[in-house]
Amino acid sequence: MSELTLFLIKLAYLAILWIFVLSALSVIRSDMFGARIPEGARAAAAKRDARPPKPPRARRGAPTHVLVVDGENQGERAELAEAPILIGRGPDAAIRLDDDYVSTRHARIAASGDQWFVEDLGSTNGTYIGNVRITQPTTLTLGTQVRVGKTVIELRK
Amino acid sequence: MSQSGVIMEFVHRRRRGAELFLLVLALAVGVGAYAAVGLGVDEEVPADIIGYGGWLAALVVVAHVVVRFVAPYADPVLLPVVAALNGLGLAVIRRLDLAEDTTFARQQLTWMTVGVALFVLTLLLLRDHRVLQRFTYTSGLAALILLLLPLVPGIGTDINGAQIWIHAGPFSFQPGEIAKLLLVVTFAGYLVLHRDALALAGRRVLFVDLPRGRDLGPILLMWLVSLGVLVFETDLGSSLLFFGLFLIMLYVSTERAGWLIVGTVLFLAGAMAAYRVESHVQVRVDTWLHPFDYYSDASGGKSFQLVESMFGMGWGGLLGRGLGLGMPDRIPRAESDFIMGAIGEELGLTGMIAVILLYGLIVERAFRASLICRDGFGKLVAVGLGGVVALQVFVVIGGVTRLIPLTGLTTPFLSYGGSSLVANWVLVALLLRISDHARRPAPMLVTDDEADMETTQVVKMA
C-alpha cells in the first residue's frame, strides 16, 4: 500500500476521532441551552388551563384542602385547587404562619398526577415528615403530618 | 452544597436520540481504529471486522436500550464517550497483540462484555442511588476486606512488584478497583451526615477550622487504614488516588478551603518521608528527573519503559505514525500502564489531546450531574466518581508524559485489565443513575402531558 494511502487513512481516522469529540461537545452545548425555560412556562400555562376540568376527575377520597392542625395558626386552611400552595411567613404564602421557626418561603405542596408532594424550599429549620428532614419532593397522603417550625399541617378531605 | 432551594424553572430534555447519534460515531471511532490497525499492519481490512464490529455494536445497543428504558433522563454524553474510549483501547491492544503475538484484545473484549453486563445490571437493580446511603458502613467494611485480600497467603499474588492481585481459579482480580467505588459511597454517606458538624464545630488553629475528633475520627481511621494497606502492598498509584479522593470529598462537603492546604502539606510531608525511606519511591523520582541516566542496561534499565514511550511520542509528533505503523511494542507492557505512550506514537499529539478531552468530558459530566443533583448524597457520590476518574487519568498520563513521577495505575477504559474495565463500567452506570435522577423534572412541574406524567410517577420517593 502506498505511503499516500496510509497517510490519508491516518488523517481520516484522526478526523473521525475529532468529529466525535466535537459532536460530543455540541451535544453538551445544546444540552446547556436546550434546557428549555419555555417548557416550565408552558407547563404552568397548561396547568392553569387544565385546572378547571381537573376537580371533576378527582376521585372520591382525594384530599381537598391543607389544614394547620397544630401551632400558632391552628385551623387555618388552603384549598388544594389553588395548588401549588406556598407555606411560609412571607406575604405571598397561601398558608401564612406566625411561627418564628418558619422561613419566609418555607415549603410548598404541589401535585403530580393524582399524587401530592411537599417540597422544602431551602428553609433554615427544615421540613419534617415524622422525624425525618426531607431533602426531596416527598409524597403526601391523607393525614400525613408535615412539620414546619413548630407548626404541623396535613392534607384533609 | 446548599439544599435545592431554587425551583428549577426548566426541564431537561431526555436526549436519547442525541445519545444514539453519538454512539454511532463512537462505534465509528472503535471499529475505524480496528480497520486502520489491520490496514496499517497487514495492508488489508481484518477478516473478522464484521463479527468484531457487530459484537461491539450489539454491546453498545444493549447498553443504550437499557438506558433508554430505565434511565431516560440520564446524561447523553457519558455512554458514547466511554464506548469510544473502550473501542479505541481495544484497537490499540489489538495492534500490540499483532506485534507481540499475544491475545490480550480477545480477553479485553470478554471483559468489556462483562463490564457492559454489570453496567446493565447496575442500572436495572439500582433504581435510586440514595439506596446506597444505607450501606455507608457496610461498603466501607467491604472495601477494607477487598483491600486486605491480596495480603492473604494463598489467594494473593505478587505481580510486577505490587501485591494487589487475588487469584480465584483461572481468574486473577485486582480488588482495589472495586474498593475505590465502595470507598466513594462510604465517604459520601458519612460526610453528607456529618458535614455540618465537620464544618462548624471545633477549634480554629492557624486559619484552619479543625473539626472535633469524634466527628472526623471514624472516617479518618477508615481512610488511614486503607491508605496503610496500600502503602504496605506498595501500590503507590492507588494510595495517591485514595488520598486525593478523600481530600476532594472532604473539601466539597465542608466547603473549607483549609482542607486543601492541610492536605497538600500532609501530601508533601508524606511524599518526602516516602522518598527518604522507601527505595522504590527513590527510583521513581530519579527516573522521573533523569530518565536517560537509567536507560541503559548498565544502570539497570530502570527507566527503559519511560524512555521508550518518550521516544515513541517524540517520533509520533503532531499527527502520529498512523495506526499499525509505529513501533509501540518496543515499550514493555504498553497495553496496560503505557497505552497512552502507544497512542501518542501512532495517533500523535492530535490523537492524544482528543483522548484527554474525552476524559475531561467524563469528569465534566460527573460534576455537572453533581451540581444539579437534588440530594446531598448524590452530589457527593457524583463528585467522588468524577474525582476518581480525574485523579486516575492525571496520575497515569502525567506519569507517562513525565509531568510527575510514574506510579502504576490503569488508564480508565483504555488499558488492558479486566478489574479496572469492569469497575469503570459500573462507575459510569452509577453516574448515569445519578444524572438521570438529577435531570428528571421535579414532580410538581410536569402536569402538561400524559407521557411525562407517567415518567414522573416512576420517581421513587424514599
# chains A, B, ... in the order shown; residues from 1 in each chain; ligands from 1
>>> residues_around(residues="Arg147 (chain A)", least_positions_apart="5", cutoff="6 Å", atoms="only C-alpha atoms", output="count of residues only")
3
>>> select_by_dssp(residues="region 171-309 of chain B", states="helix (DSSP H, G or I)", output="number ranges by chain")
B: 175-200, 213-232, 236-254, 258-277, 279-289, 291-294, 297-299, 304-309
>>> write_last_selection(atoms="C-alpha atoms", output="short mmCIF file (atom, residue, chain, number, x, y, z; two decimals), in the first residue's frame")
data_model
loop_
_atom_site.label_atom_id
_atom_site.label_comp_id
_atom_site.auth_asym_id
_atom_site.auth_seq_id
_atom_site.Cartn_x
_atom_site.Cartn_y
_atom_site.Cartn_z
CA PRO B 175 -9.79 -5.81 44.30
CA GLY B 176 -8.59 -2.23 44.71
CA GLU B 177 -10.57 -1.24 41.63
CA ILE B 178 -13.86 -2.27 43.20
CA ALA B 179 -12.76 -0.84 46.54
CA LYS B 180 -12.48 2.64 45.07
CA LEU B 181 -16.20 2.63 44.18
CA LEU B 182 -17.13 1.33 47.63
CA LEU B 183 -14.98 3.98 49.30
CA VAL B 184 -16.71 6.74 47.34
CA VAL B 185 -20.05 5.50 48.69
CA THR B 186 -18.65 5.29 52.23
CA PHE B 187 -17.13 8.76 52.20
CA ALA B 188 -20.26 10.27 50.66
CA GLY B 189 -22.63 8.56 53.09
CA TYR B 190 -20.55 9.60 56.08
CA LEU B 191 -19.75 13.13 55.03
CA VAL B 192 -23.29 14.03 54.00
CA LEU B 193 -24.48 13.27 57.54
CA HIS B 194 -21.60 14.91 59.35
CA ARG B 195 -20.67 17.82 57.16
CA ASP B 196 -22.29 20.45 59.34
CA ALA B 197 -20.51 19.15 62.40
CA LEU B 198 -17.26 18.90 60.46
CA ALA B 199 -17.51 22.41 59.10
CA LEU B 200 -18.84 24.28 62.12
CA GLY B 213 -12.16 14.15 66.85
CA ARG B 214 -15.46 12.37 67.27
CA ASP B 215 -16.75 13.84 64.00
CA LEU B 216 -13.72 13.20 61.85
CA GLY B 217 -12.35 10.20 63.76
CA PRO B 218 -14.22 7.28 62.20
CA ILE B 219 -13.73 8.32 58.62
CA LEU B 220 -10.12 9.34 59.22
CA LEU B 221 -9.40 5.93 60.72
CA MET B 222 -11.08 4.16 57.84
CA TRP B 223 -9.07 6.18 55.36
CA LEU B 224 -5.76 5.76 57.18
CA VAL B 225 -6.26 2.00 57.31
CA SER B 226 -6.97 1.77 53.58
CA LEU B 227 -4.01 4.01 52.83
CA GLY B 228 -1.78 1.97 55.14
CA VAL B 229 -2.80 -1.24 53.45
CA LEU B 230 -1.96 0.17 50.05
CA VAL B 231 1.40 1.52 51.15
CA PHE B 232 2.12 -1.90 52.65
CA LEU B 236 1.68 3.84 45.04
CA GLY B 237 -0.87 4.85 42.42
CA SER B 238 -3.88 3.68 44.40
CA SER B 239 -2.60 5.33 47.60
CA LEU B 240 -2.35 8.60 45.74
CA LEU B 241 -5.82 8.06 44.29
CA PHE B 242 -7.45 7.39 47.67
CA PHE B 243 -5.64 10.27 49.33
CA GLY B 244 -6.81 12.70 46.66
CA LEU B 245 -10.32 11.28 46.64
CA PHE B 246 -10.70 11.76 50.40
CA LEU B 247 -9.41 15.30 50.17
CA ILE B 248 -11.73 16.24 47.30
CA MET B 249 -14.79 14.88 49.06
CA LEU B 250 -13.89 16.49 52.39
CA TYR B 251 -13.39 19.83 50.63
CA VAL B 252 -16.62 19.61 48.65
CA SER B 253 -18.73 18.59 51.63
CA THR B 254 -17.39 21.10 54.17
CA GLY B 258 -8.29 24.96 54.56
CA TRP B 259 -8.53 21.25 53.90
CA LEU B 260 -6.75 21.68 50.61
CA ILE B 261 -3.85 23.41 52.36
CA VAL B 262 -3.73 20.80 55.12
CA GLY B 263 -3.94 18.05 52.51
CA THR B 264 -1.17 19.49 50.36
CA VAL B 265 1.10 19.89 53.38
CA LEU B 266 0.34 16.34 54.51
CA PHE B 267 0.94 15.07 51.00
CA LEU B 268 4.27 16.83 50.68
CA ALA B 269 5.35 15.60 54.10
CA GLY B 270 4.28 12.05 53.26
CA ALA B 271 5.98 12.16 49.87
CA MET B 272 9.22 13.44 51.41
CA ALA B 273 9.13 10.73 54.06
CA ALA B 274 8.43 8.06 51.48
CA TYR B 275 11.29 9.36 49.36
CA ARG B 276 13.69 9.08 52.30
CA VAL B 277 12.57 5.67 53.47
CA SER B 279 13.86 2.72 47.90
CA HIS B 280 11.33 2.15 45.13
CA VAL B 281 9.99 5.68 45.59
CA GLN B 282 13.52 6.98 45.16
CA VAL B 283 13.82 5.02 41.93
CA ARG B 284 10.58 6.53 40.65
CA VAL B 285 11.70 10.07 41.43
CA ASP B 286 15.19 9.56 39.99
CA THR B 287 13.88 8.08 36.75
CA TRP B 288 11.43 10.97 36.54
CA LEU B 289 14.12 13.64 36.93
CA PRO B 291 15.32 9.30 32.78
CA PHE B 292 18.27 9.00 30.39
CA ASP B 293 20.73 8.19 33.19
CA TYR B 294 18.82 4.97 33.88
CA ASP B 297 21.25 -1.86 30.72
CA ALA B 298 24.38 -0.94 32.66
CA SER B 299 22.34 1.22 35.01
CA PHE B 304 13.66 1.82 29.89
CA GLN B 305 9.85 1.77 29.69
CA LEU B 306 9.51 5.50 30.30
CA VAL B 307 12.22 6.48 27.83
CA GLU B 308 10.92 4.13 25.12
CA SER B 309 7.49 5.71 25.46
#
>>> atom_distance(atom1="CA of Ala107 (chain A)", atom2="CA of Ser123 (chain A)")
7.3 Å
>>> select_by_dssp(residues="region 95-136 of chain A", states="strand (DSSP E)", output="VMD selection string")
chain A and resid 95 to 96 107 to 112 115 to 120 127 to 129 132 to 133
>>> write_last_selection(atoms="C-alpha atoms", output="compact mmCIF listing (two decimals), in the first residue's frame")
# COMPACT_ATOMS: atom_id res chain seq x y z
CA ILE A 95 -50.74 29.47 54.35
CA ARG A 96 -49.12 32.30 56.27
CA ALA A 107 -42.11 24.72 51.76
CA ARG A 108 -44.68 24.09 49.14
CA ILE A 109 -47.27 21.50 48.30
CA ALA A 110 -47.85 20.62 44.67
CA ALA A 111 -49.44 17.89 42.60
CA SER A 112 -48.22 15.45 40.02
CA GLN A 115 -50.39 12.47 43.92
CA TRP A 116 -49.46 15.32 46.21
CA PHE A 117 -45.92 16.27 47.08
CA VAL A 118 -44.36 18.50 49.67
CA GLU A 119 -41.06 20.13 48.83
CA ASP A 120 -38.74 22.07 51.11
CA THR A 127 -39.45 20.43 56.78
CA TYR A 128 -40.07 17.18 58.57
CA ILE A 129 -42.27 14.19 57.97
CA VAL A 132 -37.13 12.77 59.02
CA ARG A 133 -35.97 16.00 57.43
>>> residues_around(residues="region 383-397 of chain B", least_positions_apart="3", cutoff="6 Å", atoms="only C-alpha atoms", output="list in words")
Val184, Val363, Ala366, Phe367, Ser370, Leu380, Val400, Thr401 and Leu409 of chain B
>>> write_last_selection(atoms="N, CA, C and O atoms", output="PDB file, in the first residue's frame")
ATOM      1  N   VAL B 184     -15.970   5.525  47.699  1.00  0.00           N
ATOM      2  CA  VAL B 184     -16.713   6.741  47.336  1.00  0.00           C
ATOM      3  C   VAL B 184     -18.057   6.743  48.059  1.00  0.00           C
ATOM      4  O   VAL B 184     -18.468   7.741  48.651  1.00  0.00           O
ATOM      5  N   VAL B 363     -15.349  13.765  33.244  1.00  0.00           N
ATOM      6  CA  VAL B 363     -15.268  14.450  34.538  1.00  0.00           C
ATOM      7  C   VAL B 363     -16.265  15.606  34.578  1.00  0.00           C
ATOM      8  O   VAL B 363     -16.979  15.796  35.565  1.00  0.00           O
ATOM      9  N   ALA B 366     -19.711  14.390  35.130  1.00  0.00           N
ATOM     10  CA  ALA B 366     -19.904  13.937  36.514  1.00  0.00           C
ATOM     11  C   ALA B 366     -20.145  15.131  37.426  1.00  0.00           C
ATOM     12  O   ALA B 366     -21.069  15.144  38.241  1.00  0.00           O
ATOM     13  N   PHE B 367     -19.339  16.184  37.265  1.00  0.00           N
ATOM     14  CA  PHE B 367     -19.509  17.364  38.115  1.00  0.00           C
ATOM     15  C   PHE B 367     -20.827  18.063  37.817  1.00  0.00           C
ATOM     16  O   PHE B 367     -21.488  18.587  38.693  1.00  0.00           O
ATOM     17  N   SER B 370     -23.459  16.340  39.535  1.00  0.00           N
ATOM     18  CA  SER B 370     -23.373  16.668  40.948  1.00  0.00           C
ATOM     19  C   SER B 370     -23.984  18.042  41.228  1.00  0.00           C
ATOM     20  O   SER B 370     -24.703  18.221  42.205  1.00  0.00           O
ATOM     21  N   LEU B 380     -22.385  14.205  46.415  1.00  0.00           N
ATOM     22  CA  LEU B 380     -21.055  13.782  46.853  1.00  0.00           C
ATOM     23  C   LEU B 380     -20.577  12.553  46.091  1.00  0.00           C
ATOM     24  O   LEU B 380     -19.406  12.449  45.740  1.00  0.00           O
ATOM     25  N   VAL B 400       3.171   9.024  32.431  1.00  0.00           N
ATOM     26  CA  VAL B 400       3.669   8.586  31.125  1.00  0.00           C
ATOM     27  C   VAL B 400       4.334   9.748  30.392  1.00  0.00           C
ATOM     28  O   VAL B 400       5.345   9.579  29.718  1.00  0.00           O
ATOM     29  N   THR B 401       3.767  10.957  30.535  1.00  0.00           N
ATOM     30  CA  THR B 401       4.335  12.100  29.822  1.00  0.00           C
ATOM     31  C   THR B 401       5.408  12.805  30.654  1.00  0.00           C
ATOM     32  O   THR B 401       5.869  13.878  30.275  1.00  0.00           O
ATOM     33  N   LEU B 409      -0.940   2.868  37.615  1.00  0.00           N
ATOM     34  CA  LEU B 409      -2.409   2.845  37.683  1.00  0.00           C
ATOM     35  C   LEU B 409      -2.865   2.541  36.261  1.00  0.00           C
ATOM     36  O   LEU B 409      -2.151   2.834  35.308  1.00  0.00           O
TER      37      LEU B 409
END
>>> residues_around(residues="region 73-86 of chain A", least_positions_apart="2", cutoff="10 Å", atoms="only C-alpha atoms", output="count of residues only")
47
>>> residues_around(residues="Gln174 (chain B)", least_positions_apart="4", cutoff="6 Å", atoms="only C-alpha atoms", output="VMD selection string")
chain B and resid 164 to 165 419
>>> closest_residue(among="B:Leu23, B:Ala33, B:Val70, B:Val422", to="Ile49 (chain B)", atoms="only C-alpha atoms")
B:Ala33
>>> closest_residue(among="B:Gln107, B:Thr350, B:Asn86, B:Thr138", to="chain A", atoms="only C-alpha atoms")
B:Thr350
>>> residues_around(residues="Ala354 (chain B)", least_positions_apart="3", cutoff="12 Å", atoms="only C-alpha atoms", output="JSON, numbers by chain")
{"A": [13, 14, 15, 16, 17, 18, 19, 20, 21, 22, 24, 25], "B": [29, 81, 84, 85, 88, 319, 340, 343, 344, 347, 348, 349, 350, 351, 357, 358, 359, 360, 361]}
>>> write_last_selection(atoms="C-alpha atoms", output="PDB file, in the first residue's frame")
ATOM      1  CA  TYR A  13      -9.012   8.354  11.419  1.00  0.00           C
ATOM      2  CA  LEU A  14      -7.883  11.467  13.280  1.00  0.00           C
ATOM      3  CA  ALA A  15     -10.751  13.301  11.593  1.00  0.00           C
ATOM      4  CA  ILE A  16     -13.241  10.678  12.835  1.00  0.00           C
ATOM      5  CA  LEU A  17     -11.822  10.973  16.343  1.00  0.00           C
ATOM      6  CA  TRP A  18     -12.153  14.736  16.358  1.00  0.00           C
ATOM      7  CA  ILE A  19     -15.600  14.694  14.740  1.00  0.00           C
ATOM      8  CA  PHE A  20     -16.670  12.515  17.638  1.00  0.00           C
ATOM      9  CA  VAL A  21     -15.136  14.858  20.219  1.00  0.00           C
ATOM     10  CA  LEU A  22     -16.687  17.912  18.602  1.00  0.00           C
ATOM     11  CA  ALA A  24     -19.998  15.344  21.930  1.00  0.00           C
ATOM     12  CA  LEU A  25     -19.165  18.952  22.747  1.00  0.00           C
TER      13      LEU A  25
ATOM     14  CA  VAL B  29     -14.150   5.515  16.312  1.00  0.00           C
ATOM     15  CA  VAL B  81     -17.579   8.767  25.325  1.00  0.00           C
ATOM     16  CA  ALA B  84     -15.414   5.345  22.131  1.00  0.00           C
ATOM     17  CA  LEU B  85     -12.562   5.135  24.644  1.00  0.00           C
ATOM     18  CA  LEU B  88     -10.082   2.774  20.818  1.00  0.00           C
ATOM     19  CA  LEU B 319      -0.056  13.568  13.635  1.00  0.00           C
ATOM     20  CA  MET B 340      -1.010   6.396  26.251  1.00  0.00           C
ATOM     21  CA  ILE B 343      -1.448   6.189  21.360  1.00  0.00           C
ATOM     22  CA  GLY B 344       0.950   9.125  21.391  1.00  0.00           C
ATOM     23  CA  LEU B 347      -2.010   8.942  16.720  1.00  0.00           C
ATOM     24  CA  GLY B 348       0.340  11.739  17.721  1.00  0.00           C
ATOM     25  CA  LEU B 349      -0.403  14.796  19.795  1.00  0.00           C
ATOM     26  CA  THR B 350      -3.653  15.284  17.873  1.00  0.00           C
ATOM     27  CA  GLY B 351      -4.993  11.906  18.952  1.00  0.00           C
ATOM     28  CA  LEU B 357     -10.500  15.801  26.111  1.00  0.00           C
ATOM     29  CA  LEU B 358     -12.775  12.755  26.236  1.00  0.00           C
ATOM     30  CA  TYR B 359     -11.648  12.105  29.815  1.00  0.00           C
ATOM     31  CA  GLY B 360     -12.270  15.768  30.540  1.00  0.00           C
ATOM     32  CA  LEU B 361     -15.804  15.363  29.229  1.00  0.00           C
TER      33      LEU B 361
END
>>> residues_around(residues="region 427-438 of chain B", least_positions_apart="3", cutoff="7 Å", atoms="only C-alpha atoms", output="ChimeraX atom specification")
/B:71-75,119,122-123,129,181,366,369,372-374,378,382,385,423-424
>>> write_last_selection(atoms="N, CA and C atoms", output="short mmCIF file (atom, residue, chain, number, x, y, z; two decimals), in the first residue's frame")
data_model
loop_
_atom_site.label_atom_id
_atom_site.label_comp_id
_atom_site.auth_asym_id
_atom_site.auth_seq_id
_atom_site.Cartn_x
_atom_site.Cartn_y
_atom_site.Cartn_z
N ALA B 71 -33.26 4.65 32.57
CA ALA B 71 -32.71 5.94 33.00
C ALA B 71 -32.92 6.95 31.88
N PRO B 72 -34.18 7.23 31.51
CA PRO B 72 -34.44 8.01 30.30
C PRO B 72 -33.88 9.42 30.31
N TYR B 73 -33.67 9.99 31.48
CA TYR B 73 -33.17 11.36 31.52
C TYR B 73 -31.67 11.43 31.72
N ALA B 74 -30.99 10.26 31.72
CA ALA B 74 -29.56 10.24 32.02
C ALA B 74 -28.78 11.06 31.01
N ASP B 75 -27.58 11.43 31.42
CA ASP B 75 -26.71 12.25 30.59
C ASP B 75 -26.44 11.58 29.24
N PHE B 119 -22.85 -3.14 33.94
CA PHE B 119 -23.41 -1.80 33.73
C PHE B 119 -24.93 -1.89 33.66
N THR B 122 -26.38 -2.99 37.01
CA THR B 122 -26.40 -1.90 37.99
C THR B 122 -27.59 -0.98 37.73
N LEU B 123 -27.80 -0.62 36.44
CA LEU B 123 -28.91 0.28 36.13
C LEU B 123 -30.25 -0.38 36.44
N HIS B 129 -30.23 5.95 43.51
CA HIS B 129 -28.90 5.90 44.11
C HIS B 129 -28.91 6.11 45.61
N LEU B 181 -14.77 2.28 44.28
CA LEU B 181 -16.20 2.63 44.18
C LEU B 181 -16.85 2.56 45.56
N ALA B 366 -19.71 14.39 35.13
CA ALA B 366 -19.90 13.94 36.51
C ALA B 366 -20.15 15.13 37.43
N ALA B 369 -23.60 16.58 36.81
CA ALA B 369 -24.64 15.81 37.49
C ALA B 369 -24.65 16.16 38.97
N ILE B 372 -26.39 19.63 39.61
CA ILE B 372 -27.85 19.72 39.50
C ILE B 372 -28.55 18.67 40.32
N CYS B 373 -27.80 17.76 40.93
CA CYS B 373 -28.44 16.71 41.73
C CYS B 373 -29.14 17.35 42.94
N ARG B 374 -30.29 16.77 43.32
CA ARG B 374 -31.09 17.43 44.35
C ARG B 374 -30.75 16.96 45.76
N GLY B 378 -26.20 12.17 46.62
CA GLY B 378 -25.95 12.02 45.19
C GLY B 378 -24.88 12.98 44.70
N ALA B 382 -21.38 11.72 43.03
CA ALA B 382 -21.01 12.13 41.67
C ALA B 382 -19.66 12.83 41.67
N LEU B 385 -16.96 10.18 42.17
CA LEU B 385 -16.70 9.34 40.99
C LEU B 385 -15.96 10.15 39.92
N ALA B 423 -14.88 -2.32 36.74
CA ALA B 423 -15.19 -1.34 37.78
C ALA B 423 -15.57 0.00 37.15
N ASN B 424 -14.88 0.37 36.07
CA ASN B 424 -15.18 1.66 35.46
C ASN B 424 -16.53 1.67 34.75
#
>>> atom_distance(atom1="CA of Pro405 (chain B)", atom2="CA of Glu346 (chain B)")
23.6 Å
>>> atom_distance(atom1="CA of Gly326 (chain B)", atom2="CA of Ser303 (chain B)")
20.5 Å
